[in-house]
Structures are given as structure tokens and as C-alpha cells.
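Participant: Hey, dropping final_7.cif in here, mmCIF, C-alpha atoms:
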```cif
data_my_file
#
loop_
_atom_site.label_atom_id
_atom_site.label_comp_id
_atom_site.auth_asym_id
_atom_site.auth_seq_id
_atom_site.Cartn_x
_atom_site.Cartn_y
_atom_site.Cartn_z
CA MET F 799 40.29 -5.69 -1.99
CA GLU F 800 38.51 -2.80 -3.71
CA ASP F 801 40.72 0.19 -4.48
CA GLU F 802 39.84 3.55 -3.01
CA SER F 803 40.83 5.76 -5.92
CA GLN F 804 37.25 6.80 -6.75
CA ILE F 805 36.68 7.83 -3.14
CA LEU F 806 39.84 9.92 -3.20
CA ARG F 807 38.91 11.48 -6.57
CA SER F 808 35.49 12.38 -5.22
CA TRP F 809 36.91 14.04 -2.11
CA ALA F 810 39.60 15.88 -4.09
CA ALA F 811 36.95 17.20 -6.50
CA ASN F 812 34.72 18.34 -3.65
CA ALA F 813 37.28 19.57 -1.12
CA ARG F 814 36.33 23.22 -1.54
CA ASN F 815 32.60 22.46 -1.31
CA TRP F 816 33.18 20.37 1.80
CA ILE F 817 35.16 23.10 3.55
CA GLN F 818 32.23 25.47 2.97
CA THR F 819 29.73 22.86 4.18
CA ILE F 820 31.61 22.32 7.45
CA ASP F 821 32.62 25.94 8.02
CA ASN F 822 29.01 27.04 7.60
CA GLU F 823 27.64 24.15 9.72
CA GLU F 824 25.32 23.09 6.92
CA ILE F 825 24.74 19.49 8.05
CA PRO F 826 22.06 19.67 10.78
CA SER F 827 22.74 16.21 12.27
CA ARG F 828 26.35 17.22 12.97
CA LYS F 829 25.23 20.29 14.81
CA ILE F 830 22.45 18.68 16.84
CA ALA F 831 24.12 15.42 17.74
CA THR F 832 27.03 13.80 15.98
CA ASN F 833 29.87 16.30 16.56
CA ARG F 834 29.21 16.18 20.27
CA ALA F 835 28.81 12.40 20.21
CA ILE F 836 32.31 11.73 18.87
CA ILE F 837 33.93 14.32 21.16
CA GLU F 838 32.19 12.94 24.25
CA ALA F 839 33.00 9.36 23.33
CA ILE F 840 36.69 10.24 23.12
CA LEU F 841 36.71 12.40 26.27
CA ARG F 842 35.14 9.61 28.33
CA HIS F 843 38.30 7.57 27.71
CA GLN F 844 40.83 10.42 28.01
CA PRO F 845 43.42 9.08 25.57
CA ALA F 846 46.75 10.93 25.74
CA THR F 847 47.12 11.01 21.96
CA VAL F 848 44.56 10.73 19.16
CA LEU F 849 44.96 10.23 15.44
CA ASP F 850 41.97 11.93 13.77
CA LEU F 851 41.91 9.90 10.58
CA GLY F 852 40.00 11.35 7.66
CA CYS F 853 40.31 14.66 9.49
CA GLY F 854 39.15 16.75 6.52
CA GLU F 855 39.40 20.46 7.33
CA GLY F 856 40.36 19.53 10.86
CA TRP F 857 37.45 20.59 13.09
CA LEU F 858 37.74 17.52 15.34
CA THR F 859 41.53 17.75 15.61
CA ARG F 860 41.15 21.36 16.73
CA GLU F 861 38.39 20.46 19.20
CA LEU F 862 40.54 17.76 20.77
CA ILE F 863 43.58 20.05 20.99
CA SER F 864 41.42 22.69 22.69
CA ARG F 865 40.64 20.04 25.32
CA ASN F 866 44.31 19.35 25.91
CA ILE F 867 44.46 16.12 23.93
CA ASP F 868 47.54 15.69 21.76
CA ALA F 869 45.72 15.16 18.43
CA THR F 870 47.17 14.58 14.97
CA GLY F 871 44.99 14.98 11.89
CA ALA F 872 45.53 12.84 8.80
CA ASP F 873 43.66 12.79 5.52
CA GLY F 874 44.20 11.48 2.00
CA THR F 875 43.01 14.74 0.43
CA ALA F 876 45.82 17.30 0.34
CA ALA F 877 43.51 20.29 -0.17
CA LEU F 878 41.66 19.49 3.04
CA VAL F 879 44.85 19.07 5.05
CA GLU F 880 46.15 22.40 3.68
CA ASP F 881 42.97 24.05 4.89
CA ALA F 882 43.29 22.40 8.31
CA ARG F 883 46.87 23.69 8.61
CA ARG F 884 45.72 27.20 7.78
CA LYS F 885 43.07 27.09 10.49
CA GLY F 886 45.27 26.29 13.48
CA PRO F 887 48.62 25.08 14.69
CA GLY F 888 48.11 21.25 15.18
CA LYS F 889 49.99 18.43 13.48
CA TYR F 890 48.61 17.26 10.15
CA LEU F 891 49.64 14.58 7.69
CA VAL F 892 48.55 13.88 4.12
CA ARG F 893 48.16 10.12 4.15
CA THR F 894 45.75 7.83 2.26
CA TYR F 895 44.17 4.78 3.82
CA GLU F 896 45.98 2.66 1.22
CA GLU F 897 49.32 4.04 2.40
CA ILE F 898 48.45 3.18 6.00
CA ILE F 899 47.38 -0.31 4.97
CA ALA F 900 50.67 -0.68 3.06
CA GLY F 901 52.54 0.07 6.28
CA GLN F 902 53.67 3.68 5.83
CA PRO F 903 54.52 5.04 9.26
CA LEU F 904 52.49 7.84 10.85
CA GLU F 905 54.29 10.47 12.84
CA GLY F 906 53.35 10.08 16.49
CA GLU F 907 52.43 6.37 16.40
CA PRO F 908 51.60 4.39 18.43
CA PHE F 909 48.47 6.39 19.33
CA GLY F 910 46.33 6.18 22.45
CA ALA F 911 43.32 6.34 20.14
CA VAL F 912 42.31 6.63 16.51
CA ALA F 913 39.08 8.44 15.61
CA ILE F 914 37.37 7.96 12.24
CA ASN F 915 34.40 10.29 12.09
CA PHE F 916 32.16 9.46 9.11
CA GLY F 917 35.31 8.53 7.23
CA LEU F 918 35.15 4.75 6.79
CA PHE F 919 33.74 4.08 3.33
CA GLY F 920 35.12 0.78 2.09
CA LYS F 921 34.22 -2.86 2.60
CA GLU F 922 37.39 -5.00 2.52
CA SER F 923 39.57 -1.89 2.51
CA ALA F 924 37.89 -0.71 5.73
CA GLU F 925 38.66 -4.05 7.35
CA ALA F 926 42.28 -3.89 6.13
CA LEU F 927 42.57 -0.33 7.45
CA LEU F 928 41.28 -1.28 10.91
CA LYS F 929 43.71 -4.20 10.95
CA ALA F 930 46.59 -1.84 10.12
CA LEU F 931 45.42 0.72 12.69
CA LYS F 932 45.26 -1.92 15.43
CA GLU F 933 49.03 -2.25 14.98
CA ARG F 934 49.47 1.52 15.42
CA LEU F 935 47.69 1.61 18.80
CA ALA F 936 49.49 1.93 22.12
CA PRO F 937 48.66 -0.86 24.61
CA GLY F 938 45.03 -0.43 25.70
CA GLY F 939 44.43 1.90 22.77
CA LEU F 940 40.98 2.35 21.25
CA ILE F 941 39.48 3.03 17.84
CA PHE F 942 36.44 5.36 17.73
CA ILE F 943 34.23 5.08 14.66
CA GLN F 944 31.20 7.19 13.90
CA THR F 945 29.08 6.17 10.93
CA LEU F 946 25.53 6.25 9.61
CA HIS F 947 23.11 4.22 11.69
CA PRO F 948 21.87 1.33 9.55
CA PHE F 949 18.34 1.70 10.83
CA GLY F 950 18.32 4.35 8.07
CA LEU F 951 17.93 1.48 5.61
CA LEU F 952 14.51 0.70 7.04
CA GLU F 953 13.58 4.38 7.02
CA GLN F 954 14.29 4.36 3.30
CA GLY F 955 12.21 1.23 2.82
CA LYS F 956 15.26 -0.85 1.88
CA ALA F 957 16.11 -4.38 3.00
CA TYR F 958 18.30 -4.47 6.09
CA VAL F 959 21.30 -5.95 4.30
CA SER F 960 24.85 -4.59 4.03
CA HIS F 961 25.50 -3.32 0.52
CA TRP F 962 27.23 -0.66 -1.57
CA GLU F 963 25.51 2.70 -1.87
CA THR F 964 26.29 5.68 -4.05
CA ASP F 965 27.11 8.87 -2.21
CA SER F 966 26.28 11.69 -4.56
CA TRP F 967 26.66 14.25 -1.76
CA ALA F 968 22.92 14.73 -2.02
CA GLY F 969 21.31 17.22 0.28
CA LEU F 970 24.39 19.42 0.59
CA LYS F 971 24.57 22.97 -0.65
CA GLY F 972 27.28 23.66 -3.23
CA GLU F 973 28.30 22.33 -6.62
CA TYR F 974 29.16 18.82 -5.54
CA CYS F 975 30.22 16.38 -8.26
CA GLU F 976 31.88 12.96 -8.74
CA PRO F 977 29.85 10.59 -6.55
CA HIS F 978 31.61 7.73 -4.84
CA GLN F 979 30.58 4.34 -3.50
CA TRP F 980 30.45 3.47 0.17
CA TYR F 981 29.59 0.28 1.99
CA TYR F 982 26.57 0.46 4.30
CA ARG F 983 26.83 -2.18 7.04
CA SER F 984 24.20 -3.70 9.30
CA ILE F 985 25.10 -3.66 12.98
CA GLY F 986 25.58 -7.43 12.85
CA ASP F 987 28.16 -7.03 10.09
CA TRP F 988 30.07 -4.38 12.06
CA VAL F 989 30.24 -6.75 15.02
CA ALA F 990 31.31 -9.68 12.81
CA MET F 991 34.12 -7.58 11.31
CA PHE F 992 35.38 -6.52 14.74
CA ASN F 993 35.40 -10.14 15.88
CA ARG F 994 37.36 -11.23 12.79
CA LEU F 995 39.92 -8.54 13.64
CA GLY F 996 40.13 -9.48 17.33
CA LEU F 997 38.79 -6.05 18.32
CA GLY F 998 36.48 -6.07 21.34
CA LEU F 999 33.39 -3.85 21.18
CA ARG F 1000 33.73 -1.59 24.22
CA GLU F 1001 30.80 0.71 23.45
CA LEU F 1002 28.05 0.99 20.90
CA ARG F 1003 26.21 4.28 21.14
CA GLU F 1004 23.25 5.48 19.17
CA PRO F 1005 22.97 9.28 19.42
CA LEU F 1006 19.40 10.42 18.90
CA ASP F 1007 17.82 13.32 17.14
CA PRO F 1008 16.27 15.02 20.18
CA GLU F 1009 13.17 15.95 18.19
CA SER F 1010 12.33 12.72 16.39
CA GLY F 1011 13.82 10.32 18.92
CA LYS F 1012 15.47 8.45 16.05
CA PRO F 1013 19.16 7.48 15.93
CA VAL F 1014 21.22 9.87 13.81
CA SER F 1015 24.42 7.85 13.90
CA LEU F 1016 26.25 4.87 15.30
CA VAL F 1017 29.34 5.33 17.49
CA LEU F 1018 31.51 2.24 17.89
CA VAL F 1019 34.42 2.05 20.33
CA VAL F 1020 36.67 -0.97 19.81
CA GLY F 1021 40.03 -2.11 21.05
CA MET N 1121 16.25 -4.83 41.64
CA GLU N 1122 12.69 -5.28 40.42
CA ASP N 1123 11.00 -8.50 41.47
CA GLU N 1124 9.78 -10.89 38.81
CA SER N 1125 6.64 -12.12 40.52
CA GLN N 1126 4.30 -10.44 38.02
CA ILE N 1127 6.15 -12.07 35.13
CA LEU N 1128 5.83 -15.46 36.80
CA ARG N 1129 2.12 -14.90 37.57
CA SER N 1130 1.51 -13.96 33.96
CA TRP N 1131 3.24 -17.06 32.63
CA ALA N 1132 1.52 -19.34 35.14
CA ALA N 1133 -1.86 -17.88 34.18
CA ASN N 1134 -1.16 -18.34 30.48
CA ALA N 1135 0.76 -21.62 30.47
CA ARG N 1136 -2.04 -23.57 28.79
CA ASN N 1137 -2.58 -20.85 26.15
CA TRP N 1138 1.15 -20.73 25.47
CA ILE N 1139 1.42 -24.49 24.99
CA GLN N 1140 -1.36 -24.25 22.37
CA THR N 1141 0.30 -21.28 20.68
CA ILE N 1142 3.63 -23.11 20.33
CA ASP N 1143 2.18 -26.55 19.54
CA ASN N 1144 0.09 -25.04 16.74
CA GLU N 1145 2.94 -22.82 15.47
CA GLU N 1146 0.78 -19.73 15.75
CA ILE N 1147 3.61 -17.15 15.86
CA PRO N 1148 4.66 -16.59 12.23
CA SER N 1149 8.06 -15.00 13.02
CA ARG N 1150 9.10 -18.12 14.93
CA LYS N 1151 8.24 -20.31 11.97
CA ILE N 1152 9.85 -18.16 9.28
CA ALA N 1153 13.00 -17.09 11.09
CA THR N 1154 13.59 -17.07 14.80
CA ASN N 1155 13.40 -20.78 15.72
CA ARG N 1156 16.00 -21.56 13.09
CA ALA N 1157 18.10 -18.54 14.11
CA ILE N 1158 18.61 -19.70 17.69
CA ILE N 1159 19.24 -23.32 16.68
CA GLU N 1160 21.80 -22.33 14.04
CA ALA N 1161 23.54 -19.89 16.38
CA ILE N 1162 24.01 -22.67 18.93
CA LEU N 1163 25.05 -25.31 16.37
CA ARG N 1164 27.76 -23.04 14.95
CA HIS N 1165 29.52 -23.23 18.31
CA GLN N 1166 28.80 -26.91 19.04
CA PRO N 1167 28.61 -26.67 22.83
CA ALA N 1168 28.69 -30.08 24.54
CA THR N 1169 25.97 -29.10 27.01
CA VAL N 1170 23.26 -26.42 26.87
CA LEU N 1171 20.94 -25.04 29.54
CA ASP N 1172 17.77 -23.94 27.74
CA LEU N 1173 16.63 -21.34 30.25
CA GLY N 1174 13.00 -20.25 30.04
CA CYS N 1175 12.47 -23.47 28.10
CA GLY N 1176 8.67 -23.29 28.27
CA GLU N 1177 7.10 -26.40 26.75
CA GLY N 1178 10.55 -27.49 25.69
CA TRP N 1179 10.64 -27.26 21.91
CA LEU N 1180 14.23 -25.97 21.82
CA THR N 1181 15.48 -28.50 24.37
CA ARG N 1182 14.02 -31.28 22.21
CA GLU N 1183 15.51 -29.79 19.04
CA LEU N 1184 18.96 -29.65 20.61
CA ILE N 1185 18.70 -33.21 21.95
CA SER N 1186 17.70 -34.40 18.46
CA ARG N 1187 20.98 -32.88 17.24
CA ASN N 1188 22.98 -34.80 19.84
CA ILE N 1189 23.51 -31.86 22.19
CA ASP N 1190 23.13 -32.67 25.88
CA ALA N 1191 20.44 -30.09 26.67
CA THR N 1192 18.69 -29.38 29.97
CA GLY N 1193 15.50 -27.31 30.03
CA ALA N 1194 14.67 -25.05 32.97
CA ASP N 1195 11.71 -22.77 33.53
CA GLY N 1196 10.08 -20.98 36.43
CA THR N 1197 6.59 -22.09 35.38
CA ALA N 1198 5.87 -25.60 36.65
CA ALA N 1199 2.97 -26.20 34.24
CA LEU N 1200 5.25 -25.59 31.25
CA VAL N 1201 7.96 -27.89 32.57
CA GLU N 1202 5.37 -30.62 33.21
CA ASP N 1203 4.26 -30.32 29.60
CA ALA N 1204 7.88 -30.47 28.40
CA ARG N 1205 8.45 -33.65 30.42
CA ARG N 1206 5.35 -35.24 28.89
CA LYS N 1207 6.58 -34.48 25.38
CA GLY N 1208 9.93 -36.22 25.51
CA PRO N 1209 12.63 -37.77 27.65
CA GLY N 1210 15.12 -34.83 28.30
CA LYS N 1211 16.15 -33.37 31.63
CA TYR N 1212 13.98 -30.56 32.98
CA LEU N 1213 14.10 -28.41 36.08
CA VAL N 1214 11.56 -26.03 37.60
CA ARG N 1215 13.70 -23.07 38.55
CA THR N 1216 12.94 -19.34 38.65
CA TYR N 1217 15.43 -16.68 37.60
CA GLU N 1218 15.34 -15.36 41.17
CA GLU N 1219 16.42 -18.77 42.48
CA ILE N 1220 19.31 -18.84 40.02
CA ILE N 1221 20.33 -15.30 41.02
CA ALA N 1222 20.16 -16.37 44.67
CA GLY N 1223 22.67 -19.13 43.91
CA GLN N 1224 20.53 -22.26 43.79
CA PRO N 1225 22.51 -24.91 41.93
CA LEU N 1226 21.37 -26.26 38.57
CA GLU N 1227 21.80 -29.92 37.86
CA GLY N 1228 24.44 -30.30 35.15
CA GLU N 1229 26.32 -27.05 35.76
CA PRO N 1230 28.75 -25.78 34.63
CA PHE N 1231 27.23 -25.66 31.12
CA GLY N 1232 28.97 -25.27 27.78
CA ALA N 1233 26.23 -22.82 26.87
CA VAL N 1234 23.06 -21.21 28.16
CA ALA N 1235 20.30 -20.29 25.70
CA ILE N 1236 17.58 -17.78 26.59
CA ASN N 1237 15.14 -17.63 23.69
CA PHE N 1238 12.74 -14.68 24.08
CA GLY N 1239 12.91 -15.25 27.82
CA LEU N 1240 14.82 -12.28 29.23
CA PHE N 1241 12.22 -9.78 30.45
CA GLY N 1242 13.72 -7.77 33.29
CA LYS N 1243 16.02 -4.77 33.54
CA GLU N 1244 18.21 -5.09 36.64
CA SER N 1245 17.01 -8.65 37.21
CA ALA N 1246 18.15 -9.58 33.69
CA GLU N 1247 21.59 -8.17 34.44
CA ALA N 1248 21.72 -10.04 37.76
CA LEU N 1249 20.65 -13.24 36.00
CA LEU N 1250 23.38 -12.95 33.35
CA LYS N 1251 25.91 -12.30 36.09
CA ALA N 1252 24.79 -15.46 37.90
CA LEU N 1253 24.78 -17.48 34.67
CA LYS N 1254 28.33 -16.40 33.83
CA GLU N 1255 29.37 -18.25 37.00
CA ARG N 1256 27.59 -21.41 35.79
CA LEU N 1257 29.45 -21.55 32.45
CA ALA N 1258 32.26 -23.97 31.73
CA PRO N 1259 35.52 -22.30 30.58
CA GLY N 1260 34.93 -20.81 27.13
CA GLY N 1261 31.19 -21.16 27.63
CA LEU N 1262 28.71 -18.89 25.84
CA ILE N 1263 25.31 -17.35 26.50
CA PHE N 1264 22.90 -17.16 23.54
CA ILE N 1265 20.10 -14.61 23.82
CA GLN N 1266 17.31 -14.07 21.32
CA THR N 1267 15.09 -11.06 21.85
CA LEU N 1268 12.95 -8.54 19.98
CA HIS N 1269 14.96 -6.30 17.66
CA PRO N 1270 14.74 -2.73 18.96
CA PHE N 1271 14.23 -1.31 15.47
CA GLY N 1272 10.66 -2.36 16.23
CA LEU N 1273 10.47 0.80 18.35
CA LEU N 1274 11.06 2.94 15.28
CA GLU N 1275 8.62 0.91 13.25
CA GLN N 1276 6.01 1.68 15.91
CA GLY N 1277 6.87 5.38 15.75
CA LYS N 1278 8.31 5.36 19.27
CA ALA N 1279 11.52 7.01 20.46
CA TYR N 1280 14.54 4.72 20.31
CA VAL N 1281 15.04 4.63 24.06
CA SER N 1282 15.15 1.62 26.38
CA HIS N 1283 12.01 1.48 28.51
CA TRP N 1284 9.42 -0.78 30.12
CA GLU N 1285 6.64 -2.08 27.89
CA THR N 1286 3.48 -3.98 28.74
CA ASP N 1287 3.19 -7.40 27.19
CA SER N 1288 -0.49 -8.12 27.00
CA TRP N 1289 0.16 -11.17 24.80
CA ALA N 1290 -1.50 -9.18 22.04
CA GLY N 1291 -1.80 -10.81 18.66
CA LEU N 1292 -1.93 -14.35 20.01
CA LYS N 1293 -4.93 -16.65 19.67
CA GLY N 1294 -6.37 -17.90 22.95
CA GLU N 1295 -7.76 -16.42 26.14
CA TYR N 1296 -4.61 -14.73 27.34
CA CYS N 1297 -4.81 -12.67 30.54
CA GLU N 1298 -2.57 -11.02 33.18
CA PRO N 1299 -0.18 -8.82 31.17
CA HIS N 1300 3.37 -8.38 32.44
CA GLN N 1301 6.04 -5.76 32.04
CA TRP N 1302 9.23 -6.28 30.09
CA TYR N 1303 12.21 -4.08 29.45
CA TYR N 1304 12.85 -3.16 25.81
CA ARG N 1305 16.54 -2.34 25.26
CA SER N 1306 18.27 -0.41 22.51
CA ILE N 1307 21.26 -2.22 21.00
CA GLY N 1308 23.57 0.27 22.70
CA ASP N 1309 22.10 -0.64 26.09
CA TRP N 1310 22.55 -4.36 25.45
CA VAL N 1311 26.22 -3.74 24.63
CA ALA N 1312 26.68 -1.51 27.70
CA MET N 1313 25.21 -4.22 29.94
CA PHE N 1314 27.50 -6.90 28.51
CA ASN N 1315 30.51 -4.66 29.07
CA ARG N 1316 29.50 -4.01 32.68
CA LEU N 1317 29.31 -7.78 33.16
CA GLY N 1318 32.66 -8.48 31.48
CA LEU N 1319 30.91 -10.50 28.76
CA GLY N 1320 32.43 -10.14 25.28
CA LEU N 1321 30.00 -9.82 22.36
CA ARG N 1322 30.97 -12.70 20.07
CA GLU N 1323 28.12 -12.35 17.60
CA LEU N 1324 25.21 -10.03 16.97
CA ARG N 1325 22.84 -11.42 14.38
CA GLU N 1326 19.75 -9.82 12.94
CA PRO N 1327 17.56 -12.50 11.33
CA LEU N 1328 15.38 -11.02 8.61
CA ASP N 1329 11.84 -11.59 7.50
CA PRO N 1330 12.58 -12.93 4.00
CA GLU N 1331 9.58 -11.07 2.58
CA SER N 1332 9.93 -7.62 4.09
CA GLY N 1333 13.74 -7.61 4.52
CA LYS N 1334 13.26 -6.27 8.05
CA PRO N 1335 14.90 -7.73 11.15
CA VAL N 1336 12.54 -9.97 13.11
CA SER N 1337 14.81 -10.48 16.10
CA LEU N 1338 18.21 -9.89 17.63
CA VAL N 1339 20.51 -12.80 18.46
CA LEU N 1340 23.34 -12.01 20.86
CA VAL N 1341 26.15 -14.44 21.63
CA VAL N 1342 28.29 -13.43 24.61
CA GLY N 1343 30.96 -15.06 26.73
#
```
Step by step, read the file and then write its structure as C-alpha cells.

Facilitator:
Amino acid sequence: MEDESQILRSWAANARNWIQTIDNEEIPSRKIATNRAIIEAILRHQPATVLDLGCGEGWLTRELISRNIDATGADGTAALVEDARRKGPGKYLVRTYEEIIAGQPLEGEPFGAVAINFGLFGKESAEALLKALKERLAPGGLIFIQTLHPFGLLEQGKAYVSHWETDSWAGLKGEYCEPHQWYYRSIGDWVAMFNRLGLGLRELREPLDPESGKPVSLVLVVG
Amino acid sequence: MEDESQILRSWAANARNWIQTIDNEEIPSRKIATNRAIIEAILRHQPATVLDLGCGEGWLTRELISRNIDATGADGTAALVEDARRKGPGKYLVRTYEEIIAGQPLEGEPFGAVAINFGLFGKESAEALLKALKERLAPGGLIFIQTLHPFGLLEQGKAYVSHWETDSWAGLKGEYCEPHQWYYRSIGDWVAMFNRLGLGLRELREPLDPESGKPVSLVLVVG
């Protein structure tokens, strides 16, 4: 299994930039479609408790709390969790994916749902994380994943094959540095992974850019 | 529920053209990818019996029989079934989707698998057909569907939204006539339909054109 240290280094190095990016709503697709998509996906199922994993500066945790869902934010980057704590009351934990995979308990488990919003970067480590999270779910619990839609590969003229990409934080304002790798999966490979893990695919949603009519993300609900 | 009479009229009118098209291997995507994709999908699961529904002139039924699978072909177009019977021994039935939905029995049911290779055209009628077929499956039985990959919508510059299209048999040699409508589904809408029907998505495969690296079809295995 690949180790996630480079991903953590990249997020630690860019925590301050990222807080600015989110606070100033500088990612158009989040504003026009994807923030609402993850919130609506979760609200449709009305889980009593949600672990917002990879919570960053905590916008989704706060949104869920404001809708009377008992949400806990967790992130491997301490600077982001500190910022989330400053911004509102909520419960927050500093916890890396590797610690969760290794079996470290999470306050509040088992959860009615886990949400991972654009926060699943690995290949084998992502599979190991989902396996570990399945064990932290209450009976009937669900995992909500939002990720890049792989049709983007075709848009970029690339072959439609799962592979590692370099995320250099391109397109974002700010002095971003320290790129990290992330694994871009075809839809078929997402489904194959869920089946290996014994996770049923309850929903697959493809939020659209209202102007272009193209998918801006992929929302997967499994459990 | 929409009626399928126009689809049946179109196939009846074009049966002779279609037999030529298949016999002469005039659809490149079938030759380079999709014929093999449906055969391999079925062989991976080794069902004892298969209903090849929308069998046409019977190429897939014959392929499965040659691999020692007890396959039955069924189609709503009598001229195609007659041609299939001429081409080999196999068991063939003339049966429309509407007859299956209405509960007419199929010789050999329950089946270990049903395969529908580029033969699911309707919207509500397709859902009703899958519901009826679920009842004709042996325990643990599977339905294999091959269809156009909806990324084709984006390639054509269209919005990524399920909708009715007109199939005018464009691009095929021969004097094709009588276009029919078919319902083009996003992947999300396929998944939503399977969940409404209580069918688990066991596999989602996206066979590629080896030259362009683009998906040429979508193979869905449910049960």
C-alpha cells in the first residue's frame, strides 16, 4: 500500500492557502454545484450522525450542524482543524487516514454516515480506508464520496484509464507549493472497488455545470 | 408506459438490412471491442443457462453455445429469429418485450442469466422489462446489459442528461428506413433504475477503443 506522507506534506504546506481559497469561494465548481451536491446527498438520507472526513477548514461540518445533523469533522492536517475549531463550536479531530486504517478509534463512532468530499486521493490506501470506515458505520450507515468526474479525462484528451495524476493545485489563487499525487479512477474501477469491499452502490449522481451541461463531479453513496 | 410498437416496426422493416450488417461485420466497434466485452462478461460468471434477449440473427446465442453454455435466443422480430434458426441448431423464441412484461412464460425459465446486448431501447418499458426479467432469474442469477456509453453525449457536444434520441440507423450500409426512438441514460440514471428495482450493480465495465482510449460501450452486470 502506498504511503500518504506526501499528500499530508502537501496539505500541511498549503493549509493557509487552502483556507483562503475556501473562505473566499475561489473554486467556481464548488459554488455552482458541488457544495450543494454533497449537502443534498446527505440530507436525502437524514443520518443522525456524520463524520466529515478530510473536513479541512470545516465548511461542510458547519453546514451539517446548521441543519441539525450531529457532525464531527476530522482531518490529518492540524492547521486546518485548528482553523475549523476557530470558526465554530462543532467537534473536530486531528486524525490521518493511516491512523484510521490502523484502527485508531474516532470519538463518536459508529457513525450514521461518513462524508469524504474531494478528500479521497489514494489507490490502495483509499480502498483500505473505506474498508476501515465500513467498520465504523452504524447498522445501515452510508459513506458519501464526492470526487472528480472521470469524464474529465476525455475532456483533457487522455485515455479513459485509471492512473496517478499530479495535483499541483493548478488554477488556484495563492502561493501553492508541494504537489501531491492522486489516483484518478474510471467509474468502472470505482464500482469494482466497492464490490471488492462488499459496499453496495446506493446512488451515483453526476452534478452538472448548469451552463455547459457537463458533469462537474461524481457523487457516490455506498453502504 | 410508452408502447414499443414503433421500435418493433423499425426492426421488422430493417431485419434484412440488419442481418447483412452483422453477417458482414460492418459495425467496427462490435468487431474491435463490444462483441468480446459481452462474451467475456458472461463467461466470467459461468452461468449454466442464458437467455439472449433481443438476440437478432443470433450471433451471441451461437457464441455462447459454442462455449458450452445452454443459451436460448429470443427476439420480438420474427424475421430475425427465422434467420437465427437457419444459422444453427440452438433454441429460439419469437417473443416481444411487451409479452414478457405481460407475464408470458419463456421456455427454459428460470435462467442463470439474461443478456441484453444493445437491445434495451425504452425508458419506462425498459424498467418494466427488467422487473419482469428479475422474476425469471434462477437464485443468484444475473442480468448482463451492454449499451452505448453516455460519455458519447459529451463527445457530441450535448448536455449530459438522459433523454430520447432518434435512431435513424445512421452510419450503417444498406437501405435502412423507419427510425425509432430510444432512451439514452446517464450512468447515474442507470444506477437509480437498478436501485428502484432492487438489483445490485455487480460490475460496470467500460470497454475502450484501443486506438482512441475512449469508451465504446457500457457493460452493466446486475442481480

Participant: Chain F residues within 7 Å of chain N, counting only C-alpha atoms: which ones, as a PyMOL selection string?

Facilitator: chain F and resi 949+957-958+986+989-990+993+998-1004+1011-1013

Participant: So that I can see what lies close to Arg834 of chain F, please list as a ChimeraX atom specification the residues with an atom at most 12 Å from it, counting all atoms listed in the file and leaving out residues fewer than 3 positions away in the same chain.

Facilitator: /F:827-831,837-842,857-858,861-862,915,944,1005-1006,1015,1017

Participant: Starting from the PyMOL selection byres ((chain N and resi 1130) around 10), expand the selection into actual residues of this file and give them as a PyMOL selection string.

Facilitator: chain N and resi 1125-1129+1131-1135+1197+1287-1289+1296-1301

Participant: What residues come out when you apply the PyMOL selection byres ((chain F and resi 925) around 10) to this file, written as a ChimeraX atom specification?

Facilitator: /F:799,899,918,920-924,926-931,988,991-992,994-995

Participant: Which is closer to Ala835 of chain F than all the others in F:Ala913, F:Arg934, F:Trp962, F:Asn866, using all atoms listed in the file?

Facilitator: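 Nearest to Ala835 of chain F: F:Ala913.
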
Participant: Apply the PyMOL selection byres ((chain F and resi 876) around 12) to the structure shown and report the selected residues as an MDAnalysis selection string.

Facilitator: chainID F and resid 806:807 809:814 852:855 871:875 877:883 890:894

Participant: Could you jot down the atom CA of Leu997 of chain F to atom CA of Leu940 of chain F separation for me, Å, one decimal place?

Facilitator: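 These two atoms are separated by 9.2 Å.
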
Participant: Can you work out which one of F:Phe919, F:Tyr895, F:Phe942, F:Phe909 has the shortest atom-to-atom distance to Ile867 of chain F, counting all atoms listed in the file?

Facilitator: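 For Ile867 of chain F, the nearest of the candidates is F:Phe909.
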
Participant: How many Å lie between atom CA of Ile817 of chain F and atom CA of Gly906 of chain F, rounded to one decimal?

Facilitator: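 Result for atom CA of Ile817 of chain F versus atom CA of Gly906 of chain F: 25.8 Å, one decimal.
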
Participant: Report, in Å to a single decimal, how far apart atom CA of His1269 of chain N and atom CA of Thr1154 of chain N are.

Facilitator: 11.2 Å

Participant: What would the file be for segment 1001-1014 of chain F if you keep N, CA and C atoms and write it as an mmCIF file, in the first residue's frame?

Facilitator:
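What follows is the written file part-v1.cif:
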```cif
data_model
loop_
_atom_site.group_PDB
_atom_site.id
_atom_site.type_symbol
_atom_site.label_atom_id
_atom_site.label_comp_id
_atom_site.auth_asym_id
_atom_site.auth_seq_id
_atom_site.Cartn_x
_atom_site.Cartn_y
_atom_site.Cartn_z
ATOM 1 N N GLU F 1001 -26.347 5.129 -4.687
ATOM 2 C CA GLU F 1001 -26.603 6.240 -5.612
ATOM 3 C C GLU F 1001 -25.309 6.559 -6.336
ATOM 4 N N LEU F 1002 -25.448 6.976 -7.574
ATOM 5 C CA LEU F 1002 -24.334 7.561 -8.311
ATOM 6 C C LEU F 1002 -24.916 8.800 -8.966
ATOM 7 N N ARG F 1003 -24.456 9.949 -8.540
ATOM 8 C CA ARG F 1003 -25.002 11.204 -9.072
ATOM 9 C C ARG F 1003 -23.910 11.972 -9.795
ATOM 10 N N GLU F 1004 -24.336 12.694 -10.788
ATOM 11 C CA GLU F 1004 -23.396 13.398 -11.661
ATOM 12 C C GLU F 1004 -23.835 14.852 -11.778
ATOM 13 N N PRO F 1005 -23.548 15.664 -10.757
ATOM 14 C CA PRO F 1005 -23.971 17.068 -10.788
ATOM 15 C C PRO F 1005 -23.414 17.764 -12.030
ATOM 16 N N LEU F 1006 -24.243 18.589 -12.630
ATOM 17 C CA LEU F 1006 -23.862 19.241 -13.885
ATOM 18 C C LEU F 1006 -23.536 20.712 -13.672
ATOM 19 N N ASP F 1007 -22.645 21.203 -14.503
ATOM 20 C CA ASP F 1007 -22.483 22.636 -14.648
ATOM 21 C C ASP F 1007 -23.726 23.130 -15.400
ATOM 22 N N PRO F 1008 -24.516 24.004 -14.779
ATOM 23 C CA PRO F 1008 -25.773 24.392 -15.438
ATOM 24 C C PRO F 1008 -25.551 25.091 -16.775
ATOM 25 N N GLU F 1009 -24.389 25.685 -16.959
ATOM 26 C CA GLU F 1009 -24.149 26.373 -18.237
ATOM 27 C C GLU F 1009 -23.718 25.427 -19.346
ATOM 28 N N SER F 1010 -22.718 24.591 -19.042
ATOM 29 C CA SER F 1010 -22.172 23.729 -20.102
ATOM 30 C C SER F 1010 -22.942 22.424 -20.235
ATOM 31 N N GLY F 1011 -23.694 22.052 -19.200
ATOM 32 C CA GLY F 1011 -24.367 20.751 -19.239
ATOM 33 C C GLY F 1011 -23.433 19.579 -19.029
ATOM 34 N N LYS F 1012 -22.195 19.859 -18.616
ATOM 35 C CA LYS F 1012 -21.221 18.786 -18.387
ATOM 36 C C LYS F 1012 -21.139 18.433 -16.903
ATOM 37 N N PRO F 1013 -20.828 17.178 -16.583
ATOM 38 C CA PRO F 1013 -20.700 16.817 -15.164
ATOM 39 C C PRO F 1013 -19.500 17.547 -14.538
ATOM 40 N N VAL F 1014 -19.709 18.068 -13.340
ATOM 41 C CA VAL F 1014 -18.601 18.713 -12.627
ATOM 42 C C VAL F 1014 -18.035 17.817 -11.546
#
```
